[in-house]
Amino acid sequence: MEKLQFKITINAPVEKVYDFMLGISDKSNYEKWTALFNPTSSFEGSWDKGSKILFIGTDEKGEKGGMVSEIVENIPNKFVSIKHNGILVAGKEITEGPDVEKWAGGFENYSFEEKNGITVVSVELDSTEDFTNYMNKTYPLALDKLKEISEK
């Protein structure tokens, strides 16, 4: 796996950026910025440390799919670490086999740092070779959307 890194500066307090990025007080905020990955992007579960969380969307056939993950760490307004353990295909969790092995155990980490009411969000994630170009193109657009909604 390859480590990818993205960073964005947002003119908003860290509490607001963290809340919007994770959809804590309003899930639709999470769905707005992650819609760049999949227009139906959402999550099911909790952001609490140790919790299972499903990152989901609907495919062209209307079937629910996505990733089966775990919140390894969540220090509010500071750091969130997500470990991806499997995939969701047509609503079924798959945590072993060739489709999962190439990236299971990969992490997605968010760091938040505020100075004078301006928040820097740093993202570090593990990507398989077949997703690297997609992530390099799409993640900055998604972070731009997070910036747009957080600065309103």
# chains A, B, ... in the order shown; residues from 1 in each chain; ligands from 1
$ select_by_dssp --residues "stretch 11-125 of chain A" --states "helix (DSSP H, G or I)" --output "VMD selection string"
chain A and resid 14 to 22 27 to 34 98 to 101
$ write_last_selection --atoms "N, CA and C atoms" --output "PDB file, in the first residue's frame"
ATOM      1  N   VAL A  14     -11.717  24.905  14.880  1.00  0.00           N
ATOM      2  CA  VAL A  14     -11.524  23.458  14.790  1.00  0.00           C
ATOM      3  C   VAL A  14     -12.779  22.687  15.200  1.00  0.00           C
ATOM      4  N   GLU A  15     -13.521  23.182  16.197  1.00  0.00           N
ATOM      5  CA  GLU A  15     -14.721  22.475  16.643  1.00  0.00           C
ATOM      6  C   GLU A  15     -15.731  22.333  15.504  1.00  0.00           C
ATOM      7  N   LYS A  16     -15.874  23.379  14.713  1.00  0.00           N
ATOM      8  CA  LYS A  16     -16.815  23.351  13.590  1.00  0.00           C
ATOM      9  C   LYS A  16     -16.322  22.418  12.489  1.00  0.00           C
ATOM     10  N   VAL A  17     -15.039  22.497  12.159  1.00  0.00           N
ATOM     11  CA  VAL A  17     -14.474  21.662  11.086  1.00  0.00           C
ATOM     12  C   VAL A  17     -14.567  20.180  11.457  1.00  0.00           C
ATOM     13  N   TYR A  18     -14.185  19.855  12.680  1.00  0.00           N
ATOM     14  CA  TYR A  18     -14.262  18.468  13.167  1.00  0.00           C
ATOM     15  C   TYR A  18     -15.714  17.971  13.102  1.00  0.00           C
ATOM     16  N   ASP A  19     -16.633  18.777  13.608  1.00  0.00           N
ATOM     17  CA  ASP A  19     -18.055  18.430  13.614  1.00  0.00           C
ATOM     18  C   ASP A  19     -18.565  18.194  12.189  1.00  0.00           C
ATOM     19  N   PHE A  20     -18.243  19.097  11.274  1.00  0.00           N
ATOM     20  CA  PHE A  20     -18.714  18.972   9.893  1.00  0.00           C
ATOM     21  C   PHE A  20     -18.064  17.795   9.185  1.00  0.00           C
ATOM     22  N   MET A  21     -16.767  17.592   9.402  1.00  0.00           N
ATOM     23  CA  MET A  21     -16.061  16.511   8.707  1.00  0.00           C
ATOM     24  C   MET A  21     -16.638  15.153   9.091  1.00  0.00           C
ATOM     25  N   LEU A  22     -16.982  14.982  10.384  1.00  0.00           N
ATOM     26  CA  LEU A  22     -17.494  13.708  10.857  1.00  0.00           C
ATOM     27  C   LEU A  22     -19.018  13.648  10.878  1.00  0.00           C
ATOM     28  N   LYS A  27     -25.472  14.737  10.236  1.00  0.00           N
ATOM     29  CA  LYS A  27     -24.854  13.781   9.306  1.00  0.00           C
ATOM     30  C   LYS A  27     -24.786  14.320   7.875  1.00  0.00           C
ATOM     31  N   SER A  28     -25.708  15.211   7.522  1.00  0.00           N
ATOM     32  CA  SER A  28     -25.717  15.729   6.141  1.00  0.00           C
ATOM     33  C   SER A  28     -24.443  16.505   5.824  1.00  0.00           C
ATOM     34  N   ASN A  29     -23.771  17.063   6.828  1.00  0.00           N
ATOM     35  CA  ASN A  29     -22.504  17.752   6.564  1.00  0.00           C
ATOM     36  C   ASN A  29     -21.443  16.770   6.085  1.00  0.00           C
ATOM     37  N   TYR A  30     -21.359  15.606   6.720  1.00  0.00           N
ATOM     38  CA  TYR A  30     -20.450  14.549   6.266  1.00  0.00           C
ATOM     39  C   TYR A  30     -20.811  14.140   4.838  1.00  0.00           C
ATOM     40  N   GLU A  31     -22.097  13.971   4.593  1.00  0.00           N
ATOM     41  CA  GLU A  31     -22.561  13.514   3.281  1.00  0.00           C
ATOM     42  C   GLU A  31     -22.276  14.532   2.179  1.00  0.00           C
ATOM     43  N   LYS A  32     -22.258  15.826   2.517  1.00  0.00           N
ATOM     44  CA  LYS A  32     -21.981  16.859   1.512  1.00  0.00           C
ATOM     45  C   LYS A  32     -20.555  16.768   0.990  1.00  0.00           C
ATOM     46  N   TRP A  33     -19.581  16.653   1.897  1.00  0.00           N
ATOM     47  CA  TRP A  33     -18.195  16.646   1.414  1.00  0.00           C
ATOM     48  C   TRP A  33     -17.779  15.287   0.852  1.00  0.00           C
ATOM     49  N   THR A  34     -18.363  14.198   1.365  1.00  0.00           N
ATOM     50  CA  THR A  34     -17.998  12.879   0.839  1.00  0.00           C
ATOM     51  C   THR A  34     -18.778  12.516  -0.424  1.00  0.00           C
ATOM     52  N   PRO A  98      -9.572 -12.598  -1.276  1.00  0.00           N
ATOM     53  CA  PRO A  98      -8.679 -11.831  -2.139  1.00  0.00           C
ATOM     54  C   PRO A  98      -9.089 -10.373  -2.358  1.00  0.00           C
ATOM     55  N   ASP A  99     -10.387 -10.084  -2.391  1.00  0.00           N
ATOM     56  CA  ASP A  99     -10.828  -8.709  -2.602  1.00  0.00           C
ATOM     57  C   ASP A  99     -10.517  -7.811  -1.406  1.00  0.00           C
ATOM     58  N   VAL A 100     -10.360  -8.414  -0.243  1.00  0.00           N
ATOM     59  CA  VAL A 100     -10.124  -7.660   0.983  1.00  0.00           C
ATOM     60  C   VAL A 100      -8.635  -7.612   1.336  1.00  0.00           C
ATOM     61  N   GLU A 101      -7.916  -8.703   1.067  1.00  0.00           N
ATOM     62  CA  GLU A 101      -6.537  -8.847   1.525  1.00  0.00           C
ATOM     63  C   GLU A 101      -5.594  -7.747   1.050  1.00  0.00           C
TER      64      GLU A 101
END
$ residues_around --residues "A:Phe131" --least-positions-apart "4" --cutoff "12 Å" --atoms "only C-alpha atoms" --output "number ranges by chain"
A: 1-4, 37, 102-103, 125-127, 135-139
$ write_last_selection --atoms "N, CA and C atoms" --output "mmCIF file, in the first residue's frame"
data_model
loop_
_atom_site.group_PDB
_atom_site.id
_atom_site.type_symbol
_atom_site.label_atom_id
_atom_site.label_comp_id
_atom_site.auth_asym_id
_atom_site.auth_seq_id
_atom_site.Cartn_x
_atom_site.Cartn_y
_atom_site.Cartn_z
ATOM 1 N N MET A 1 0.836 -1.189 0.000
ATOM 2 C CA MET A 1 0.000 0.000 0.000
ATOM 3 C C MET A 1 0.874 1.242 0.000
ATOM 4 N N GLU A 2 0.315 2.268 -0.553
ATOM 5 C CA GLU A 2 1.001 3.543 -0.657
ATOM 6 C C GLU A 2 0.336 4.538 0.299
ATOM 7 N N LYS A 3 1.158 5.342 0.986
ATOM 8 C CA LYS A 3 0.619 6.381 1.870
ATOM 9 C C LYS A 3 0.393 7.654 1.061
ATOM 10 N N LEU A 4 -0.830 8.181 1.143
ATOM 11 C CA LEU A 4 -1.171 9.436 0.484
ATOM 12 C C LEU A 4 -1.427 10.476 1.562
ATOM 13 N N PHE A 37 -16.916 11.495 -3.526
ATOM 14 C CA PHE A 37 -16.491 10.105 -3.721
ATOM 15 C C PHE A 37 -17.628 9.265 -4.276
ATOM 16 N N LYS A 102 -5.799 -7.234 -0.153
ATOM 17 C CA LYS A 102 -4.838 -6.254 -0.683
ATOM 18 C C LYS A 102 -4.863 -4.922 0.055
ATOM 19 N N TRP A 103 -5.934 -4.634 0.781
ATOM 20 C CA TRP A 103 -5.954 -3.355 1.500
ATOM 21 C C TRP A 103 -6.479 -3.425 2.928
ATOM 22 N N LEU A 125 -3.680 8.571 4.353
ATOM 23 C CA LEU A 125 -4.403 7.320 4.138
ATOM 24 C C LEU A 125 -3.587 6.337 3.333
ATOM 25 N N ASP A 126 -3.879 5.077 3.567
ATOM 26 C CA ASP A 126 -3.253 3.996 2.812
ATOM 27 C C ASP A 126 -4.130 3.713 1.600
ATOM 28 N N SER A 127 -3.489 3.586 0.448
ATOM 29 C CA SER A 127 -4.230 3.325 -0.788
ATOM 30 C C SER A 127 -3.558 2.211 -1.577
ATOM 31 N N MET A 135 -7.829 8.657 -5.769
ATOM 32 C CA MET A 135 -7.738 9.391 -4.502
ATOM 33 C C MET A 135 -6.992 10.709 -4.668
ATOM 34 N N ASN A 136 -5.897 10.697 -5.426
ATOM 35 C CA ASN A 136 -5.131 11.928 -5.649
ATOM 36 C C ASN A 136 -5.965 12.989 -6.368
ATOM 37 N N LYS A 137 -6.896 12.554 -7.183
ATOM 38 C CA LYS A 137 -7.768 13.484 -7.911
ATOM 39 C C LYS A 137 -8.974 13.905 -7.071
ATOM 40 N N THR A 138 -9.589 12.950 -6.383
ATOM 41 C CA THR A 138 -10.865 13.194 -5.709
ATOM 42 C C THR A 138 -10.724 13.762 -4.304
ATOM 43 N N TYR A 139 -9.742 13.317 -3.540
ATOM 44 C CA TYR A 139 -9.643 13.770 -2.153
ATOM 45 C C TYR A 139 -9.492 15.290 -2.040
#
$ closest_residue --among "A:Ser41, A:Asn77, A:Thr119, A:Asn109" --to "A:Thr58" --atoms "only C-alpha atoms"
A:Ser41
$ closest_residue --among "A:Thr132, A:Ser111, A:Asn85, A:Thr95" --to "A:Glu73" --atoms "only C-alpha atoms"
A:Ser111
$ select_by_dssp --residues "stretch 24-115 of chain A" --states "strand (DSSP E or B)" --output "MDAnalysis selection string"
chainID A and resid 42:45 52:58 64:75 79:89 92:94 106:115
$ residues_around --residues "stretch 6-9 of chain A" --least-positions-apart "5" --cutoff "10 Å" --atoms "only C-alpha atoms" --output "VMD selection string"
chain A and resid 110 to 114 118 to 125 135 to 136 139 to 140 143 to 144 146 to 147
$ atom_distance --atom1 "atom CA of A:Phe43" --atom2 "atom CA of A:Glu70"
12.0 Å
$ closest_residue --among "A:Gly65, A:Pro39, A:Gly45, A:Pro13" --to "A:Ala90" --atoms "only C-alpha atoms"
A:Gly65
$ closest_residue --among "A:Val89, A:Lys78, A:Ile149, A:Ser42" --to "A:Lys61" --atoms "only C-alpha atoms"
A:Val89
$ closest_residue --among "A:Asn133, A:Asn11, A:Asn38, A:Ser150" --to "A:Gly23" --atoms "only C-alpha atoms"
A:Ser150
$ residues_around --residues "A:Lys83" --least-positions-apart "2" --cutoff "8 Å" --atoms "only C-alpha atoms" --output "ChimeraX atom specification"
/A:69-72,81,85,105-108
$ write_last_selection --atoms "C-alpha atoms" --output "tab-separated table (two decimals), in the first residue's frame"
chain	number	residue	atom	x	y	z
A	69	SER	CA	-14.11	-0.12	9.43
A	70	GLU	CA	-13.22	0.52	13.06
A	71	ILE	CA	-12.50	3.75	14.91
A	72	VAL	CA	-9.06	3.11	16.40
A	81	SER	CA	-7.82	7.16	13.14
A	85	ASN	CA	-11.18	-4.18	7.97
A	105	GLY	CA	-5.63	-3.16	7.73
A	106	GLY	CA	-5.19	0.12	5.88
A	107	PHE	CA	-5.61	3.33	7.84
A	108	GLU	CA	-7.20	6.71	7.23
$ closest_residue --among "A:Lys49, A:Ile56, A:Ala12, A:Asn74" --to "A:Lys152" --atoms "only C-alpha atoms"
A:Ala12
